[in-house]
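Colleague: One file: data-v1.csv (CSV, C-alpha atoms and all ligand atoms).
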```csv
chain,number,residue,atom,x,y,z
A,1,MET,CA,0.0,0.0,0.0
A,2,SER,CA,1.4,3.3,-1.0
A,3,GLU,CA,-0.2,6.7,-0.6
A,4,ALA,CA,0.0,10.0,-2.5
A,5,ILE,CA,-1.4,13.6,-2.5
A,6,LEU,CA,-1.9,15.4,-5.8
A,7,LEU,CA,-2.3,19.2,-5.7
A,8,VAL,CA,-5.0,20.4,-8.1
A,9,GLY,CA,-6.4,23.5,-6.5
A,10,GLY,CA,-4.6,26.2,-8.5
A,11,LYS,CA,-6.6,28.6,-10.7
A,12,GLY,CA,-4.5,28.1,-13.8
A,13,THR,CA,-4.7,31.8,-14.6
A,14,ARG,CA,-1.9,31.7,-17.2
A,15,LEU,CA,-4.0,29.2,-19.2
A,16,ARG,CA,-7.1,31.5,-19.5
A,17,PRO,CA,-9.5,31.3,-21.3
A,18,LEU,CA,-9.0,27.5,-21.4
A,19,THR,CA,-9.4,27.3,-17.6
A,20,THR,CA,-12.5,29.5,-17.4
A,21,HIS,CA,-14.8,26.4,-17.2
A,22,THR,CA,-12.2,23.7,-16.7
A,23,PRO,CA,-9.6,23.4,-14.0
A,24,LYS,CA,-6.1,23.1,-15.5
A,25,PRO,CA,-5.6,19.4,-14.5
A,26,LEU,CA,-8.8,18.5,-16.3
A,27,LEU,CA,-7.9,20.1,-19.7
A,28,ARG,CA,-7.6,17.5,-22.4
A,29,VAL,CA,-4.0,16.8,-23.2
A,30,ALA,CA,-3.4,14.1,-25.9
A,31,GLY,CA,-7.1,13.3,-25.8
A,32,VAL,CA,-7.7,12.7,-22.1
A,33,PRO,CA,-7.7,15.0,-19.0
A,34,PHE,CA,-4.2,15.9,-18.2
A,35,LEU,CA,-4.6,14.5,-14.7
A,36,THR,CA,-5.4,11.0,-16.1
A,37,HIS,CA,-1.8,10.8,-17.4
A,38,GLN,CA,-0.5,11.7,-13.9
A,39,LEU,CA,-2.9,9.3,-12.1
A,40,ALA,CA,-2.0,6.4,-14.4
A,41,ARG,CA,1.7,7.0,-13.8
A,42,ALA,CA,1.2,7.1,-10.1
A,43,ALA,CA,-0.8,3.8,-10.2
A,44,GLU,CA,1.9,2.3,-12.4
A,45,ALA,CA,4.5,3.2,-9.7
A,46,GLY,CA,2.6,1.4,-7.0
A,47,VAL,CA,0.4,4.1,-5.6
A,48,THR,CA,-2.8,2.5,-4.4
A,49,ARG,CA,-4.6,5.4,-2.5
A,50,LEU,CA,-4.4,9.0,-3.7
A,51,VAL,CA,-5.8,12.2,-2.1
A,52,LEU,CA,-6.8,14.9,-4.6
A,53,ALA,CA,-6.3,18.3,-2.9
A,54,THR,CA,-8.9,20.4,-4.6
A,55,SER,CA,-10.2,24.0,-4.4
A,56,TYR,CA,-11.0,25.8,-7.7
A,57,LEU,CA,-13.9,24.0,-9.5
A,58,ALA,CA,-13.6,21.2,-7.0
A,59,GLU,CA,-16.8,19.3,-7.8
A,60,LEU,CA,-15.6,18.7,-11.4
A,61,PHE,CA,-12.8,16.3,-10.2
A,62,ARG,CA,-15.2,14.0,-8.4
A,63,ALA,CA,-17.5,14.0,-11.4
A,64,GLU,CA,-14.6,13.0,-13.7
A,65,TYR,CA,-13.0,10.3,-11.5
A,66,GLY,CA,-15.4,9.1,-8.8
A,67,ASP,CA,-13.8,6.6,-6.5
A,68,GLY,CA,-10.9,6.0,-9.0
A,69,SER,CA,-11.6,2.3,-9.6
A,70,PRO,CA,-11.3,2.5,-13.4
A,71,LEU,CA,-7.8,3.7,-12.9
A,72,GLY,CA,-7.0,1.0,-10.4
A,73,LEU,CA,-6.7,3.6,-7.6
A,74,GLU,CA,-8.6,4.5,-4.5
A,75,LEU,CA,-9.3,8.2,-4.9
A,76,VAL,CA,-10.4,10.4,-2.1
A,77,TYR,CA,-11.1,14.1,-2.2
A,78,ALA,CA,-9.9,16.9,0.2
A,79,GLU,CA,-11.6,20.2,-0.6
A,80,GLU,CA,-10.4,23.6,0.6
A,81,ALA,CA,-13.2,26.2,1.0
A,82,VAL,CA,-10.5,28.9,0.5
A,83,PRO,CA,-7.2,27.9,-1.2
A,84,LEU,CA,-4.7,27.0,1.5
A,85,GLY,CA,-1.6,27.3,-0.7
A,86,THR,CA,0.6,24.3,-1.6
A,87,GLY,CA,1.7,23.5,2.0
A,88,GLY,CA,-1.7,24.1,3.5
A,89,ALA,CA,-3.2,21.9,0.9
A,90,ILE,CA,-0.8,19.1,1.6
A,91,ARG,CA,-1.5,19.4,5.4
A,92,ASN,CA,-5.3,19.4,4.8
A,93,ALA,CA,-5.1,16.4,2.4
A,94,ALA,CA,-3.0,14.5,4.9
A,95,GLU,CA,-6.1,14.2,7.2
A,96,LEU,CA,-7.2,11.5,4.6
A,97,LEU,CA,-4.0,9.5,4.6
A,98,THR,CA,-4.1,6.2,6.4
A,99,CYS,CA,-0.4,5.4,6.7
A,100,GLY,CA,1.8,5.5,9.8
A,101,PRO,CA,4.3,8.4,10.7
A,102,ASP,CA,7.4,6.7,9.2
A,103,GLU,CA,5.8,5.8,5.8
A,104,PRO,CA,6.7,7.6,2.6
A,105,VAL,CA,4.0,9.8,0.9
A,106,PHE,CA,4.3,11.0,-2.7
A,107,VAL,CA,3.2,14.6,-3.3
A,108,PHE,CA,2.7,15.8,-6.9
A,109,ASN,CA,2.0,19.2,-8.4
A,110,GLY,CA,-1.0,18.8,-10.7
A,111,ASP,CA,0.5,20.3,-13.9
A,112,ILE,CA,3.7,18.4,-14.4
A,113,LEU,CA,4.3,16.1,-17.4
A,114,SER,CA,7.3,14.0,-16.6
A,115,GLY,CA,9.1,10.7,-17.2
A,116,VAL,CA,10.7,10.7,-13.7
A,117,ASP,CA,11.4,7.2,-12.2
A,118,LEU,CA,8.9,7.4,-9.3
A,119,ALA,CA,9.8,4.1,-7.8
A,120,GLY,CA,13.5,5.1,-7.9
A,121,LEU,CA,12.7,8.3,-6.1
A,122,ARG,CA,10.8,6.4,-3.3
A,123,ASP,CA,13.8,4.0,-3.0
A,124,ALA,CA,16.2,6.9,-2.7
A,125,HIS,CA,14.0,8.4,0.0
A,126,ALA,CA,14.0,5.1,2.0
A,127,ALA,CA,17.7,4.6,1.6
A,128,SER,CA,18.7,8.1,2.8
A,129,GLY,CA,16.2,8.4,5.7
A,130,ALA,CA,15.5,12.0,4.6
A,131,ALA,CA,12.6,14.1,5.9
A,132,VAL,CA,11.7,15.0,2.3
A,133,THR,CA,13.2,13.9,-1.1
A,134,LEU,CA,12.6,16.2,-4.0
A,135,HIS,CA,12.8,15.5,-7.7
A,136,LEU,CA,15.0,18.2,-9.3
A,137,THR,CA,15.4,18.9,-13.0
A,138,ARG,CA,17.6,21.3,-14.9
A,139,VAL,CA,16.2,24.1,-17.0
A,140,GLU,CA,17.8,26.8,-19.1
A,141,ASP,CA,15.8,29.7,-17.5
A,142,PRO,CA,15.0,28.9,-13.9
A,143,ARG,CA,13.4,32.2,-13.0
A,144,ALA,CA,9.8,30.9,-13.0
A,145,PHE,CA,10.6,28.0,-10.6
A,146,GLY,CA,12.0,27.1,-7.2
A,147,LEU,CA,15.8,27.0,-7.3
A,148,VAL,CA,17.3,24.1,-5.3
A,149,PRO,CA,21.1,23.9,-4.9
A,150,THR,CA,22.5,20.7,-3.5
A,151,ASP,CA,25.9,19.5,-2.3
A,152,GLY,CA,27.8,16.6,-3.7
A,153,GLN,CA,25.7,14.0,-1.8
A,154,GLY,CA,22.4,15.5,-3.0
A,155,ARG,CA,21.7,17.3,0.3
A,156,VAL,CA,19.5,20.4,-0.4
A,157,LEU,CA,21.4,23.5,0.7
A,158,ALA,CA,18.7,26.2,0.1
A,159,PHE,CA,15.3,26.7,-1.5
A,160,LEU,CA,14.7,29.9,-3.4
A,161,GLU,CA,11.2,30.2,-4.9
A,162,LYS,CA,10.9,32.4,-8.0
A,163,PRO,CA,14.2,34.3,-7.7
A,164,GLN,CA,13.8,38.1,-8.2
A,165,THR,CA,17.4,39.1,-8.9
A,166,GLU,CA,20.2,37.8,-11.1
A,167,ALA,CA,22.3,37.3,-8.0
A,168,GLU,CA,19.8,34.8,-6.7
A,169,ILE,CA,20.2,32.6,-9.7
A,170,ILE,CA,22.8,30.4,-8.2
A,171,THR,CA,21.9,27.1,-9.9
A,172,ASP,CA,20.0,25.7,-12.9
A,173,GLN,CA,18.5,22.9,-10.7
A,174,ILE,CA,14.9,23.5,-10.0
A,175,ASN,CA,12.1,21.9,-7.9
A,176,ALA,CA,10.3,19.6,-10.4
A,177,GLY,CA,7.1,19.5,-8.3
A,178,CYS,CA,7.3,15.9,-7.1
A,179,TYR,CA,8.3,15.0,-3.6
A,180,VAL,CA,8.4,12.1,-1.2
A,181,PHE,CA,7.6,13.2,2.3
A,182,THR,CA,8.0,11.1,5.4
A,183,ARG,CA,4.4,11.2,6.7
A,184,SER,CA,5.3,12.7,10.1
A,185,VAL,CA,6.9,15.7,8.4
A,186,ILE,CA,3.6,16.6,6.8
A,187,ASP,CA,2.0,16.6,10.2
A,188,THR,CA,4.4,19.4,11.3
A,189,ILE,CA,2.9,21.8,8.7
A,190,PRO,CA,0.5,24.2,10.5
A,191,ALA,CA,-3.1,23.3,9.9
A,192,GLY,CA,-6.0,25.7,9.0
A,193,ARG,CA,-4.1,28.5,7.4
A,194,GLU,CA,-2.4,29.3,4.1
A,195,VAL,CA,1.1,27.8,3.9
A,196,SER,CA,3.4,27.7,0.9
A,197,VAL,CA,5.5,24.6,0.9
A,198,GLU,CA,8.1,26.3,-1.3
A,199,ARG,CA,8.4,29.6,0.6
A,200,GLU,CA,7.7,28.4,4.2
A,201,THR,CA,7.9,24.6,4.8
A,202,PHE,CA,11.1,23.8,2.8
A,203,PRO,CA,13.1,26.8,4.1
A,204,ALA,CA,12.0,26.0,7.7
A,205,LEU,CA,13.0,22.4,7.4
A,206,LEU,CA,16.4,23.4,6.1
A,207,ALA,CA,16.8,26.0,8.9
A,208,SER,CA,16.0,23.3,11.5
A,209,GLY,CA,18.8,21.1,10.2
A,210,ALA,CA,16.4,18.4,8.8
A,211,LEU,CA,17.8,16.2,6.0
A,212,VAL,CA,16.2,17.3,2.7
A,213,ASN,CA,17.5,15.5,-0.4
A,214,GLY,CA,17.3,16.3,-4.0
A,215,VAL,CA,17.5,13.7,-6.8
A,216,VAL,CA,18.5,15.4,-10.1
A,217,GLU,CA,17.0,13.4,-12.9
A,218,ASP,CA,17.1,14.6,-16.5
A,219,SER,CA,14.2,12.6,-17.9
A,220,TYR,CA,11.4,14.5,-19.8
A,221,TRP,CA,10.0,17.3,-17.8
A,222,LEU,CA,7.5,20.0,-18.5
A,223,ASP,CA,5.2,22.3,-16.4
A,224,LEU,CA,2.1,22.7,-18.5
A,225,GLY,CA,1.2,26.1,-17.0
A,226,THR,CA,1.4,28.2,-20.2
A,227,PRO,CA,-0.4,27.8,-23.5
A,228,GLN,CA,2.9,27.1,-25.3
A,229,ALA,CA,3.9,24.4,-22.8
A,230,PHE,CA,0.3,23.0,-22.9
A,231,VAL,CA,0.4,22.4,-26.7
A,232,ARG,CA,4.0,21.1,-26.6
A,233,GLY,CA,3.2,18.6,-23.9
A,234,SER,CA,0.2,17.3,-25.8
A,235,ALA,CA,2.2,17.0,-29.0
A,236,ASP,CA,5.1,15.2,-27.2
A,237,LEU,CA,2.7,12.7,-25.8
A,238,VAL,CA,1.0,12.0,-29.1
A,239,ARG,CA,4.4,11.6,-30.8
A,240,GLY,CA,5.7,9.4,-28.0
A,241,VAL,CA,8.5,11.8,-27.0
A,242,VAL,CA,7.3,11.1,-23.5
A,243,SER,CA,5.2,8.1,-22.7
A,244,SER,CA,2.0,7.7,-20.8
A,245,PRO,CA,0.0,4.6,-19.9
A,246,ALA,CA,-3.2,6.7,-20.5
A,247,LEU,CA,-2.6,7.7,-24.1
A,248,PRO,CA,-5.8,6.7,-25.9
A,249,GLY,CA,-4.3,5.4,-29.1
A,250,PRO,CA,-1.0,4.6,-30.8
A,251,THR,CA,1.8,7.2,-31.0
A,252,GLY,CA,2.3,9.0,-34.3
A,253,GLU,CA,2.0,12.4,-36.1
A,254,ALA,CA,-1.6,12.7,-35.1
A,255,LEU,CA,-4.2,11.2,-32.8
A,256,VAL,CA,-7.8,11.3,-34.0
A,257,LEU,CA,-10.3,10.2,-31.3
A,258,PRO,CA,-13.4,8.1,-32.3
A,259,GLY,CA,-16.2,10.4,-33.2
A,260,ALA,CA,-14.0,13.1,-34.9
A,261,VAL,CA,-14.4,13.6,-38.6
A,262,VAL,CA,-11.3,14.5,-40.6
A,263,ASP,CA,-11.6,15.1,-44.4
A,264,PRO,CA,-9.1,12.9,-46.4
A,265,GLY,CA,-8.0,16.2,-47.9
A,266,ALA,CA,-6.9,17.7,-44.6
A,267,ARG,CA,-3.4,17.2,-43.2
A,268,LEU,CA,-2.6,16.6,-39.6
A,269,ALA,CA,1.0,16.5,-38.3
A,270,GLY,CA,3.4,17.3,-35.5
A,271,GLY,CA,1.5,15.5,-32.7
A,272,THR,CA,-1.9,17.1,-33.3
A,273,VAL,CA,-4.8,15.7,-31.4
A,274,VAL,CA,-8.4,15.9,-32.6
A,275,CYS,CA,-11.0,15.1,-30.0
A,276,GLU,CA,-14.4,13.5,-30.4
A,277,GLY,CA,-17.0,15.5,-32.3
A,278,ALA,CA,-14.5,17.8,-33.9
A,279,VAL,CA,-14.5,18.3,-37.7
A,280,ILE,CA,-11.5,19.2,-39.9
A,281,GLU,CA,-12.5,20.1,-43.4
A,282,ALA,CA,-10.7,19.6,-46.8
A,283,GLY,CA,-7.5,21.5,-47.3
A,284,ALA,CA,-7.0,22.3,-43.6
A,285,VAL,CA,-3.5,21.9,-42.1
A,286,VAL,CA,-3.2,21.3,-38.4
A,287,HIS,CA,0.2,21.0,-36.9
A,288,ALA,CA,1.2,20.3,-33.3
A,289,SER,CA,-2.1,21.5,-32.0
A,290,VAL,CA,-5.0,20.6,-29.7
A,291,VAL,CA,-8.5,20.5,-31.2
A,292,LEU,CA,-10.9,20.1,-28.4
A,293,PRO,CA,-14.3,18.2,-28.6
A,294,GLY,CA,-16.8,19.6,-31.1
A,295,ALA,CA,-14.5,22.2,-32.6
A,296,ARG,CA,-14.6,22.8,-36.3
A,297,ILE,CA,-11.7,23.9,-38.6
A,298,ALA,CA,-13.2,24.9,-41.9
A,299,ALA,CA,-11.7,24.4,-45.4
A,300,ARG,CA,-8.1,25.6,-45.9
A,301,GLY,CA,-7.8,26.6,-42.3
A,302,SER,CA,-4.2,26.6,-41.0
A,303,VAL,CA,-3.5,25.9,-37.4
A,304,ARG,CA,-0.1,25.5,-35.8
A,305,ASP,CA,1.0,25.2,-32.1
A,306,SER,CA,-2.5,26.3,-31.1
A,307,VAL,CA,-5.4,25.3,-29.0
A,308,VAL,CA,-8.9,25.3,-30.5
A,309,GLY,CA,-11.5,25.3,-27.6
A,310,ALA,CA,-14.5,23.0,-27.3
A,311,HIS,CA,-17.2,23.8,-29.9
A,312,ALA,CA,-15.1,26.7,-31.2
A,313,ALA,CA,-15.2,27.3,-35.0
A,314,ILE,CA,-12.3,28.5,-37.2
A,315,GLY,CA,-13.5,30.0,-40.5
A,316,GLU,CA,-12.3,29.2,-44.0
A,317,ASP,CA,-8.8,30.3,-44.9
A,318,SER,CA,-8.1,31.5,-41.3
A,319,SER,CA,-4.8,30.8,-39.7
A,320,LEU,CA,-3.7,30.4,-36.1
A,321,ARG,CA,-0.1,30.5,-34.9
A,322,SER,CA,0.6,29.9,-31.2
A,323,ALA,CA,-2.9,31.1,-30.5
A,324,VAL,CA,-5.6,30.0,-28.1
A,325,VAL,CA,-9.3,30.1,-29.0
A,326,GLY,CA,-11.6,29.8,-26.1
A,327,ASP,CA,-14.6,27.4,-25.9
A,328,GLY,CA,-17.4,28.3,-28.2
A,329,ALA,CA,-15.6,31.2,-29.9
A,330,VAL,CA,-16.3,31.7,-33.6
A,331,ILE,CA,-13.5,33.0,-35.8
A,332,GLY,CA,-14.8,34.2,-39.2
A,333,PRO,CA,-13.1,33.4,-42.5
A,334,ASP,CA,-9.7,35.0,-43.5
A,335,ASN,CA,-8.4,35.9,-40.0
A,336,GLU,CA,-4.8,35.6,-39.0
A,337,LEU,CA,-4.2,35.1,-35.3
A,338,THR,CA,-0.5,35.0,-34.3
A,339,ALA,CA,1.7,34.4,-31.3
A,340,GLY,CA,0.2,34.9,-27.9
A,341,LEU,CA,-3.3,36.0,-29.1
A,342,ARG,CA,-6.0,34.6,-27.0
A,343,ILE,CA,-9.7,34.8,-27.9
A,344,ASP,CA,-12.1,34.6,-25.0
A,345,CYS,CA,-14.8,31.9,-24.7
A,346,GLY,CA,-17.8,32.7,-26.9
A,347,VAL,CA,-16.3,35.7,-28.7
A,348,ARG,CA,-17.4,36.1,-32.4
A,349,LEU,CA,-14.8,37.5,-34.7
A,350,PRO,CA,-16.1,38.7,-38.1
A,351,ALA,CA,-14.3,37.8,-41.4
A,352,ARG,CA,-10.9,39.5,-41.8
A,353,ALA,CA,-11.2,41.3,-38.5
A,354,VAL,CA,-7.6,40.4,-37.5
A,355,ARG,CA,-5.0,40.0,-40.2
A,356,VAL,CA,-1.8,40.2,-38.1
A,357,SER,CA,-2.1,40.4,-34.3
A,358,ALA,CA,-1.0,43.6,-32.6
A,359,ALA,CA,-0.8,43.6,-28.8
A,360,PRO,CA,-2.1,40.3,-27.6
A,361,ALA,CA,-4.3,42.1,-25.0
A,362,ALA,CA,-6.4,43.6,-27.8
A,363,LEU,CA,-8.9,40.8,-28.0
A,364,ALA,CA,-8.3,38.8,-24.9
A,365,SER,CA,-10.2,39.4,-21.7
B,401,LIG,N1,-5.2,22.4,-3.4
B,401,LIG,C1,-4.4,23.4,-3.7
B,401,LIG,N2,-4.6,24.6,-3.0
B,401,LIG,N3,-3.6,23.3,-4.7
B,401,LIG,C2,-2.8,24.4,-5.0
B,401,LIG,C3,-3.0,25.7,-4.4
B,401,LIG,C4,-3.9,25.7,-3.3
B,401,LIG,O1,-4.1,26.8,-2.6
B,401,LIG,N4,-2.1,26.6,-4.9
B,401,LIG,C5,-1.5,25.9,-6.0
B,401,LIG,N5,-1.9,24.6,-6.0
B,401,LIG,C6,-1.5,23.6,-6.9
B,401,LIG,C7,-1.6,23.9,-8.4
B,401,LIG,O2,-2.9,23.4,-8.9
B,401,LIG,C8,-0.5,23.1,-9.0
B,401,LIG,O3,-0.8,21.8,-9.3
B,401,LIG,C9,0.6,23.1,-7.9
B,401,LIG,O4,-0.1,23.4,-6.7
B,401,LIG,C10,1.7,24.2,-8.1
B,401,LIG,O5,1.1,25.4,-8.4
B,401,LIG,P1,1.5,26.3,-9.6
B,401,LIG,O6,0.7,27.5,-9.6
B,401,LIG,O7,1.5,25.5,-10.9
B,401,LIG,O8,3.0,26.7,-9.2
B,401,LIG,P2,4.2,27.1,-10.1
B,401,LIG,O9,4.3,26.3,-11.4
B,401,LIG,O10,4.3,28.6,-10.3
B,401,LIG,O11,5.5,26.7,-9.2
B,401,LIG,C11,5.5,25.4,-8.6
B,401,LIG,O12,5.9,24.4,-9.5
B,401,LIG,C12,7.3,24.6,-10.1
B,401,LIG,C13,7.5,23.4,-11.0
B,401,LIG,O13,6.6,23.5,-12.1
B,401,LIG,C14,6.5,25.4,-7.4
B,401,LIG,O14,6.4,24.2,-6.7
B,401,LIG,C15,8.0,25.6,-7.9
B,401,LIG,O15,8.9,25.5,-6.8
B,401,LIG,C16,8.3,24.6,-8.9
B,401,LIG,O16,9.6,24.8,-9.5
B,402,MG,MG,3.0,25.0,-12.3
```
Is it possible to express this structure as structure tokens?
Ligand code: GDD
Ligand code: MG
Modeller:
Amino acid sequence: MSEAILLVGGKGTRLRPLTTHTPKPLLRVAGVPFLTHQLARAAEAGVTRLVLATSYLAELFRAEYGDGSPLGLELVYAEEAVPLGTGGAIRNAAELLTCGPDEPVFVFNGDILSGVDLAGLRDAHAASGAAVTLHLTRVEDPRAFGLVPTDGQGRVLAFLEKPQTEAEIITDQINAGCYVFTRSVIDTIPAGREVSVERETFPALLASGALVNGVVEDSYWLDLGTPQAFVRGSADLVRGVVSSPALPGPTGEALVLPGAVVDPGARLAGGTVVCEGAVIEAGAVVHASVVLPGARIAARGSVRDSVVGAHAAIGEDSSLRSAVVGDGAVIGPDNELTAGLRIDCGVRLPARAVRVSAAPAALAS
């Protein structure tokens, strides 16, 4: 029996308008809710009981997964009336754990696509006797993450969340959002108030002299928090660059779910996924993109590195480049939406309204 906590209470603001009606972990990535990939990997690594720490749009998680039995997991739900922050959420969710004080508990951020060896991380934790073991990865630009320098033995020396100055960038090793906690350590997090595990709990553990270890692993790793990362993660899953036990089809240049209609004269490539009920008309080219359920791309549409929301429609001869079209939006013919442009849910754009995007804020909410 092995237990885990998965943090899914964030608002996903950087992914708006996609997260207007759907919490970030339930957005469809390579055809299934992103969380399904994470849950399947946890189950594969031997997790048997998992607490989902919910807050924003909490009821949607229970509706999607119920008791978890189809995934071979026992799923239970902890709900925060007001968001408690990452540490507060872990503490609150721990009320639903059943393991003893010395047992290891996995804790996962809910937006990480990764190929990390989970069983290996748990073994490293058991072997070292650490209070917490962190998966660390290396990134080119660490500013948006938690910086975690370690010594030669992997002992964590500091934890610097979202460094503000160049001088603070002392390593390219970052917190990859996957931890093994010894259960009793979670119980020391204060209950009933907001706590950041990154800004409060980890620095306090280090200050107290507790052993916190980092395991640097350079397997595939991506935080799906931005639209660019979201489409890349989906395309990488479809193409098999990173594997998932939950991929609903064979890997390849495109994944077309049952119930989607793709004209033989359309071209799909780059790891595109077309969800059920979506229609791609003749002459359309869709590259490395996510086409959500019921969306329509009309004849000769050109879509690249973009997300087309559920039941959204892209008019004839329109093109999207690194753009996000919200659920139910209608883009008239002959528009050109380029990098960073986000169209809010339900917006109707007439023909030729946008030929080359100006400031991204112009049409977004
Ligand atoms: N239940 C609950 N309650 N969950 C929360 C809350 C809360 O109040 N706040 C955030 N979360 C969840 C989010 O849903 C997400 O799954 C996870 O906690 C991390 O939040 P993000 O908002 O995605 O944080 P981040 O990406 O800026 O930074 C975190 O992840 C980086 C790796 O991607 C930090 O842990 C960094 O240190 C880390 O490098
Ligand atoms: Mg994140």
Colleague: Between CA of Asn109 in chain A and CA of Gly146 in chain A, what is the distance, to one decimal in Å?
Modeller: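 For CA of Asn109 in chain A relative to CA of Gly146 in chain A, the distance reads 12.8 Å.
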Colleague: Please identify all protein, DNA and RNA residues within 6 Å of ligand LIG 401 (chain B), counting only C-alpha atoms and all ligand atoms, and report them as a list in words.
Modeller: Leu7, Val8, Gly9, Gly10, Ala53, Thr54, Ser55, Pro83, Leu84, Gly85, Thr86, Ala89, Asn109, Gly110, Asp111, Phe145, Gly146, Glu161, Ile174, Asn175, Ala176, Gly177, Glu198 and Asp223 of chain A
Colleague: Kindly indicate which residue among A:Leu136, A:Leu160, A:Val47, A:Ile5 lies nearest to Pro203 in chain A, using all atoms listed in the file for the distances.
Modeller: A:Leu160
Colleague: With only C-alpha atoms as the basis for distance, which of A:Asn213, A:Thr13, A:Ser184, A:Gln173 is at the shortest distance from Arg91 in chain A?
Modeller: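 Of all the options, A:Ser184 lies closest to Arg91 in chain A.
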Colleague: Between A:Pro142, A:Pro258, A:Pro104, A:Gly225, which one has atoms that come closest to ligand MG 402 (chain B), using all atoms listed in the file?
Modeller: A:Gly225
Colleague: Which neighbours of range 24-39 of chain A fall inside 8 Å, counting all atoms listed in the file, when residues of the same chain fewer than 6 positions from it are skipped, and could you give them as a PDB file with C-alpha atoms, in the coordinates of the input?
Modeller:
```
ATOM      1  CA  VAL A   8      -5.000  20.400  -8.100  1.00  0.00           C
ATOM      2  CA  GLY A  10      -4.600  26.200  -8.500  1.00  0.00           C
ATOM      3  CA  LYS A  11      -6.600  28.600 -10.700  1.00  0.00           C
ATOM      4  CA  GLY A  12      -4.500  28.100 -13.800  1.00  0.00           C
ATOM      5  CA  LEU A  15      -4.000  29.200 -19.200  1.00  0.00           C
ATOM      6  CA  LEU A  18      -9.000  27.500 -21.400  1.00  0.00           C
ATOM      7  CA  PHE A  61     -12.800  16.300 -10.200  1.00  0.00           C
ATOM      8  CA  LEU A  71      -7.800   3.700 -12.900  1.00  0.00           C
ATOM      9  CA  GLY A 110      -1.000  18.800 -10.700  1.00  0.00           C
ATOM     10  CA  ASP A 111       0.500  20.300 -13.900  1.00  0.00           C
ATOM     11  CA  ILE A 112       3.700  18.400 -14.400  1.00  0.00           C
ATOM     12  CA  LEU A 113       4.300  16.100 -17.400  1.00  0.00           C
ATOM     13  CA  PHE A 230       0.300  23.000 -22.900  1.00  0.00           C
ATOM     14  CA  VAL A 231       0.400  22.400 -26.700  1.00  0.00           C
ATOM     15  CA  GLY A 233       3.200  18.600 -23.900  1.00  0.00           C
ATOM     16  CA  SER A 234       0.200  17.300 -25.800  1.00  0.00           C
ATOM     17  CA  ALA A 235       2.200  17.000 -29.000  1.00  0.00           C
ATOM     18  CA  LEU A 237       2.700  12.700 -25.800  1.00  0.00           C
ATOM     19  CA  VAL A 238       1.000  12.000 -29.100  1.00  0.00           C
ATOM     20  CA  SER A 244       2.000   7.700 -20.800  1.00  0.00           C
ATOM     21  CA  PRO A 245       0.000   4.600 -19.900  1.00  0.00           C
ATOM     22  CA  ALA A 246      -3.200   6.700 -20.500  1.00  0.00           C
ATOM     23  CA  LEU A 247      -2.600   7.700 -24.100  1.00  0.00           C
ATOM     24  CA  PRO A 248      -5.800   6.700 -25.900  1.00  0.00           C
ATOM     25  CA  LEU A 255      -4.200  11.200 -32.800  1.00  0.00           C
ATOM     26  CA  LEU A 257     -10.300  10.200 -31.300  1.00  0.00           C
ATOM     27  CA  VAL A 273      -4.800  15.700 -31.400  1.00  0.00           C
ATOM     28  CA  VAL A 274      -8.400  15.900 -32.600  1.00  0.00           C
ATOM     29  CA  CYS A 275     -11.000  15.100 -30.000  1.00  0.00           C
ATOM     30  CA  VAL A 290      -5.000  20.600 -29.700  1.00  0.00           C
ATOM     31  CA  LEU A 292     -10.900  20.100 -28.400  1.00  0.00           C
TER      32      LEU A 292
END
```
Colleague: Go ahead and compute the interatomic distance for CA of Glu336 in chain A and CA of Val261 in chain A, in Å to one decimal.
Modeller: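 So the two atoms, CA of Glu336 in chain A and CA of Val261 in chain A, lie 24.0 Å apart.
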Colleague: Using only C-alpha atoms, which of A:Val148, A:Ile90, A:Leu118, A:Val180 sits nearest Asp102 in chain A?
Modeller: A:Val180
Colleague: Identify, on the basis of only C-alpha atoms, every residue whose closest approach to Arg232 in chain A does not exceed 8 Å; exclude the query and any residue fewer than 4 positions from it along the same chain; express the result as a list in words.
Modeller: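 Counting only C-alpha atoms, the residues come to Gln228, Asp236, Ala288 and Asp305 of chain A.
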Colleague: Excluding Gly115 in chain A and any residue of its chain fewer than 5 positions from it, enumerate the residues within 10 Å of it, using all atoms listed in the file, and give them as a list of chain:residue names.
Modeller: A:Arg41, A:Glu217, A:Asp218, A:Ser219, A:Tyr220, A:Trp221, A:Leu222, A:Val241, A:Val242, A:Ser243, A:Ser244
Colleague: Between CA of Arg199 in chain A and CA of Ile170 in chain A, what distance in Å does the model show, to one decimal?
Modeller: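 Computed distance, CA of Arg199 in chain A to CA of Ile170 in chain A, equals 16.9 Å.
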Colleague: Closest to ligand MG 402 (chain B) among A:Val279, A:Cys178, A:Ala81, A:Ala167, using only C-alpha atoms and all ligand atoms?
Modeller: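 Selected residue with least distance to ligand MG 402 (chain B): A:Cys178.
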Colleague: Determine the nearest neighbour of Phe108 in chain A from the options A:Leu224, A:Ala323, A:Ala229, A:Leu6, counting only C-alpha atoms.
Modeller: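 Of all the options, A:Leu6 lies closest to Phe108 in chain A.
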Colleague: Hey, what's within 10 Å of Val262 in chain A if we count only C-alpha atoms and toss same-chain stuff fewer than 4 positions away? As a list of chain:residue names, please?
Modeller: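 The residues satisfying every condition are A:Val256, A:Ala266, A:Arg267, A:Leu268, A:Val274, A:Ala278, A:Val279, A:Ile280, A:Glu281, A:Ala282, A:Ala284, A:Arg296, A:Ile297.
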